[in-house]
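Data block for query.cif (mmCIF, C-alpha atoms):
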```cif
data_start
loop_
_atom_site.label_atom_id
_atom_site.label_comp_id
_atom_site.auth_asym_id
_atom_site.auth_seq_id
_atom_site.Cartn_x
_atom_site.Cartn_y
_atom_site.Cartn_z
CA MET A 54 -2.99 14.66 16.88
CA ALA A 55 -6.34 14.44 15.17
CA ASN A 56 -9.31 16.02 16.82
CA ILE A 57 -12.00 13.42 16.23
CA VAL A 58 -15.54 14.74 16.61
CA CYS A 59 -18.63 12.56 16.84
CA GLU A 60 -21.36 15.15 16.62
CA PRO A 61 -24.12 15.84 14.14
CA MET A 62 -23.02 17.34 10.87
CA SER A 63 -24.25 20.73 9.81
CA GLU A 64 -26.76 21.22 7.02
CA ASN A 65 -23.89 22.47 4.83
CA ASP A 66 -21.82 19.36 5.61
CA ILE A 67 -24.70 17.14 4.51
CA LYS A 68 -25.25 19.22 1.36
CA LEU A 69 -21.58 18.96 0.41
CA LEU A 70 -21.52 15.22 1.11
CA TYR A 71 -24.45 14.83 -1.30
CA GLU A 72 -22.25 16.57 -3.86
CA THR A 73 -19.59 13.88 -3.30
CA VAL A 74 -22.29 11.31 -4.11
CA ARG A 75 -22.96 13.08 -7.41
CA ILE A 76 -19.23 13.15 -8.17
CA ALA A 77 -18.93 9.45 -7.28
CA HIS A 78 -21.79 8.59 -9.63
CA LYS A 79 -20.05 10.42 -12.49
CA SER A 80 -16.91 8.44 -11.68
CA LEU A 81 -18.91 5.22 -11.98
CA GLU A 82 -20.29 6.35 -15.35
CA ARG A 83 -16.68 6.75 -16.54
CA GLY A 84 -15.96 3.13 -15.55
CA CYS A 85 -14.26 3.84 -12.23
CA TYR A 86 -15.23 2.89 -8.71
CA PRO A 87 -17.83 5.29 -7.29
CA PHE A 88 -15.88 7.49 -4.91
CA GLY A 89 -16.13 11.27 -4.84
CA ALA A 90 -14.34 14.03 -2.99
CA LEU A 91 -14.27 17.80 -2.93
CA LEU A 92 -12.50 20.63 -1.21
CA ALA A 93 -14.52 23.52 0.24
CA ASP A 94 -13.37 26.78 1.75
CA SER A 95 -14.51 28.13 5.11
CA ASP A 96 -17.58 29.68 3.45
CA ASN A 97 -18.61 26.29 1.98
CA ASN A 98 -17.66 27.29 -1.57
CA ILE A 99 -16.52 24.28 -3.57
CA LEU A 100 -12.96 24.81 -4.78
CA ILE A 101 -12.12 21.41 -6.29
CA ARG A 102 -14.21 18.34 -7.27
CA LYS A 103 -12.70 14.96 -8.17
CA GLY A 104 -13.87 11.42 -8.73
CA ASN A 105 -11.86 8.23 -8.67
CA ASN A 106 -9.61 7.77 -11.72
CA ILE A 107 -8.12 4.33 -11.22
CA LEU A 108 -8.31 3.57 -14.94
CA ASN A 109 -5.07 5.56 -15.26
CA SER A 110 -3.51 4.32 -11.99
CA THR A 111 -4.81 2.35 -9.02
CA VAL A 112 -3.63 5.11 -6.67
CA LEU A 113 -5.60 7.95 -8.25
CA HIS A 114 -8.25 8.05 -5.56
CA ALA A 115 -10.69 10.97 -5.53
CA GLU A 116 -9.27 12.42 -2.31
CA LEU A 117 -5.68 12.17 -3.55
CA LEU A 118 -6.59 13.98 -6.77
CA VAL A 119 -8.23 16.75 -4.74
CA MET A 120 -5.15 17.10 -2.53
CA ILE A 121 -2.72 17.16 -5.48
CA GLU A 122 -4.64 19.99 -7.10
CA ALA A 123 -5.14 21.80 -3.78
CA GLY A 124 -1.41 21.67 -3.07
CA ARG A 125 -0.68 23.18 -6.46
CA ARG A 126 -3.28 25.95 -6.21
CA TYR A 127 -3.32 27.02 -2.55
CA SER A 128 -0.90 27.77 0.27
CA PRO A 129 -0.70 25.48 3.32
CA LEU A 130 -1.94 28.37 5.46
CA TYR A 131 -5.06 28.76 3.30
CA LEU A 132 -5.67 24.99 3.19
CA LYS A 133 -5.73 24.87 7.00
CA SER A 134 -9.09 26.70 6.77
CA CYS A 135 -10.50 24.26 4.16
CA THR A 136 -12.46 21.03 4.46
CA LEU A 137 -12.01 17.80 2.52
CA TYR A 138 -15.36 16.11 1.94
CA SER A 139 -15.41 12.45 0.93
CA SER A 140 -18.18 9.95 0.31
CA PHE A 141 -16.24 7.36 2.36
CA ALA A 142 -13.60 7.77 5.03
CA PRO A 143 -10.33 8.41 3.18
CA CYS A 144 -7.88 5.50 2.98
CA ILE A 145 -4.44 5.53 4.62
CA MET A 146 -2.78 7.14 1.59
CA CYS A 147 -5.43 9.84 1.17
CA THR A 148 -5.63 10.61 4.89
CA ALA A 149 -1.87 11.03 5.13
CA THR A 150 -1.90 13.22 2.01
CA ALA A 151 -4.61 15.43 3.54
CA SER A 152 -2.41 15.85 6.61
CA LEU A 153 0.68 16.61 4.54
CA THR A 154 -1.31 19.09 2.43
CA ASN A 155 -2.34 20.83 5.66
CA ILE A 156 -6.11 20.39 5.34
CA GLY A 157 -7.76 21.53 8.56
CA ARG A 158 -10.91 19.43 8.50
CA ILE A 159 -12.13 16.13 7.01
CA VAL A 160 -15.83 15.26 6.73
CA TYR A 161 -16.86 11.86 5.39
CA GLY A 162 -20.09 10.02 4.73
CA CYS A 163 -19.54 6.30 5.39
CA SER A 164 -16.88 4.57 7.47
CA SER A 165 -14.02 2.41 6.22
CA ASP A 166 -15.71 -0.48 8.09
CA LYS A 167 -18.77 -0.06 5.85
CA LEU A 168 -16.53 -0.21 2.77
CA LEU A 169 -14.82 -3.37 4.05
CA GLU A 170 -18.26 -4.91 4.62
CA LEU A 171 -19.24 -4.13 1.01
CA GLN A 172 -15.97 -5.53 -0.33
CA SER A 173 -16.43 -8.70 1.68
CA LYS A 174 -19.96 -9.22 0.34
CA ALA A 175 -18.66 -8.75 -3.22
CA LYS A 176 -15.84 -11.23 -2.54
CA LYS A 177 -13.32 -8.53 -3.42
CA LYS A 178 -9.89 -8.35 -1.91
CA PRO A 179 -10.36 -5.89 0.95
CA SER A 180 -8.33 -2.75 1.31
CA TYR A 181 -6.62 -1.77 4.55
CA SER A 182 -8.74 -1.79 7.66
CA LEU A 183 -6.95 1.14 9.30
CA SER A 184 -9.31 4.07 9.78
CA SER A 185 -8.61 7.74 9.03
CA ASN A 186 -8.86 8.36 12.76
CA ALA A 187 -6.10 5.82 13.49
CA VAL A 188 -3.83 7.31 10.82
CA LEU A 189 -4.31 10.87 12.06
CA ASP A 190 -3.91 9.82 15.67
CA LYS A 191 -0.19 9.47 14.81
CA SER A 192 -0.05 12.81 12.96
CA GLN A 193 1.73 15.83 14.37
CA LYS A 194 -0.99 18.08 12.94
CA ASP A 195 -4.35 18.92 14.43
CA ILE A 196 -7.08 17.94 11.97
CA LEU A 197 -10.77 17.95 12.80
CA ILE A 198 -12.50 14.77 11.62
CA LEU A 199 -16.27 14.55 11.35
CA GLY A 200 -17.92 11.30 10.31
CA PRO A 201 -19.48 8.97 9.56
CA THR A 202 -22.82 10.61 8.94
CA GLN A 203 -25.90 9.47 10.83
CA ASN A 204 -28.19 10.72 8.05
CA GLU A 205 -29.86 7.53 6.76
CA GLU A 206 -30.91 9.03 3.41
CA LEU A 207 -27.35 10.17 2.73
CA ILE A 208 -25.93 6.75 3.68
CA GLU A 209 -28.40 5.12 1.28
CA ALA A 210 -27.39 7.53 -1.49
CA ILE A 211 -23.68 6.83 -0.91
CA LEU A 212 -24.15 3.05 -0.91
CA LYS A 213 -26.45 2.93 -3.95
CA ASP A 214 -23.65 2.86 -6.53
CA HIS A 215 -21.52 0.51 -4.41
CA ILE A 216 -24.02 -2.34 -4.34
CA ASN A 217 -22.77 -3.71 -7.70
CA PHE A 218 -19.09 -3.93 -6.77
CA GLY A 219 -19.03 -7.62 -7.68
CA SER A 220 -20.92 -7.27 -10.96
CA ASN A 221 -19.60 -7.65 -14.50
CA ASP A 222 -19.52 -3.85 -14.73
CA PHE A 223 -16.31 -4.05 -12.72
CA LYS A 224 -14.65 -6.94 -14.59
CA VAL A 225 -12.12 -4.62 -16.22
CA LEU A 226 -11.37 -2.90 -12.94
CA ASN A 227 -10.99 -6.17 -11.06
CA ASN A 228 -8.48 -7.33 -13.69
CA LEU A 229 -6.63 -4.01 -13.43
CA VAL A 230 -6.45 -4.25 -9.65
CA SER A 231 -5.15 -7.84 -9.86
CA ILE A 232 -2.16 -6.83 -12.00
#
```
Before anything else, please render the file you have as structure tokens.
Amino acid sequence: MANIVCEPMSENDIKLLYETVRIAHKSLERGCYPFGALLADSDNNILIRKGNNILNSTVLHAELLVMIEAGRRYSPLYLKSCTLYSSFAPCIMCTATASLTNIGRIVYGCSSDKLLELQSKAKKKPSYSLSSNAVLDKSQKDILILGPTQNEELIEAILKDHINFGSNDFKVLNNLVSI
């Protein structure tokens, strides 16, 4: 069962979430949706950074890419001491993959509800409305979840690149997703 924590994030958590914002922005510059994720060890050293890569496949979410690489590079025992940081709460697929990869902690910036709100405003087909917490509530593993952030400046930074979801910049992506 997930251990869901609603407490203030540490200074290091906030710093690493800002790094996911930077990664997400680079993803946007490559023509992908602006999502970023990273894996950090127990000393807050960044081990893996990934942005969304849905130009190659609609399932290549930032968090999934981090978990694929983490599973290749590190043992499940080591990964239990690591944290997955994500600009938004990971989707169903990415949350389940984090559990299967044996990640011990997930920290995210904005909630899946916030993402659904943005998608609705952009008249985009929404994704699933099942939260990471709900997915992990059915898990047999104990994973600490921390999020969403209450830091207003960080929330603003995360949302900045998401405001244009309905713009022409995403015409190619919207066509790809419709296939």
Identify all residues satisfying the PyMOL selection byres ((chain A and resi 73) around 7) in the given file; provide them as a PDB file with C-alpha atoms, in the coordinates of the input.
```pdb
ATOM      1  CA  LEU A  69     -21.580  18.960   0.410  1.00  0.00           C
ATOM      2  CA  LEU A  70     -21.520  15.220   1.110  1.00  0.00           C
ATOM      3  CA  TYR A  71     -24.450  14.830  -1.300  1.00  0.00           C
ATOM      4  CA  GLU A  72     -22.250  16.570  -3.860  1.00  0.00           C
ATOM      5  CA  VAL A  74     -22.290  11.310  -4.110  1.00  0.00           C
ATOM      6  CA  ARG A  75     -22.960  13.080  -7.410  1.00  0.00           C
ATOM      7  CA  ILE A  76     -19.230  13.150  -8.170  1.00  0.00           C
ATOM      8  CA  ALA A  77     -18.930   9.450  -7.280  1.00  0.00           C
ATOM      9  CA  GLY A  89     -16.130  11.270  -4.840  1.00  0.00           C
ATOM     10  CA  ALA A  90     -14.340  14.030  -2.990  1.00  0.00           C
ATOM     11  CA  LEU A  91     -14.270  17.800  -2.930  1.00  0.00           C
ATOM     12  CA  SER A 139     -15.410  12.450   0.930  1.00  0.00           C
ATOM     13  CA  SER A 140     -18.180   9.950   0.310  1.00  0.00           C
TER      14      SER A 140
END
```
Nearest residue to Ser185 (chain A) from the set A:Asp214, A:Asn204, A:Met146, A:Gly104 (distances using only C-alpha atoms):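 Looking at the shortest contact to Ser185 (chain A), the residue is A:Met146.
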Selection result of the PyMOL selection byres ((chain A and resi 201) around 12) on this file, as a ChimeraX atom specification: /A:57-62,66-67,70,138-143,159-168,184-186,198-200,202-205,207-208,211
Output check: residues returned by the PyMOL selection byres ((chain A and resi 188) around 10), as a PyMOL selection string: chain A and resi 54-55+144-146+148-149+152+183-187+189-192
Separation of CA of Asn98 (chain A) from CA of Leu212 (chain A), in Å and rounded to one decimal: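 Separation of CA of Asn98 (chain A) and CA of Leu212 (chain A): 25.1 Å.
Considering all atoms listed in the file, the residue among A:Ile196, A:Met120, A:Ala151, A:Leu92 positioned nearest to Leu137 (chain A) is A:Leu92.
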Shortest interatomic distance to Val112 (chain A) - which of A:Ile156, A:Asn65, A:Arg126, A:Tyr86, counting all atoms listed in the file: A:Tyr86
Atomic distance CA of Thr150 (chain A) - CA of His215 (chain A), expressed in Å with one decimal: 24.2 Å
One-decimal distance in Å that lies between CA of Lys103 (chain A) and CA of Ser63 (chain A): 22.1 Å
Distance query Leu130 (chain A) at most 10 Å, all atoms listed in the file, self and fewer than 2 positions along chain excluded, as a list in words: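 Result of the neighbour search: Tyr127, Ser128, Leu132, Lys133, Ser134, Cys135, Thr154, Asn155, Ile156 and Gly157 of chain A.
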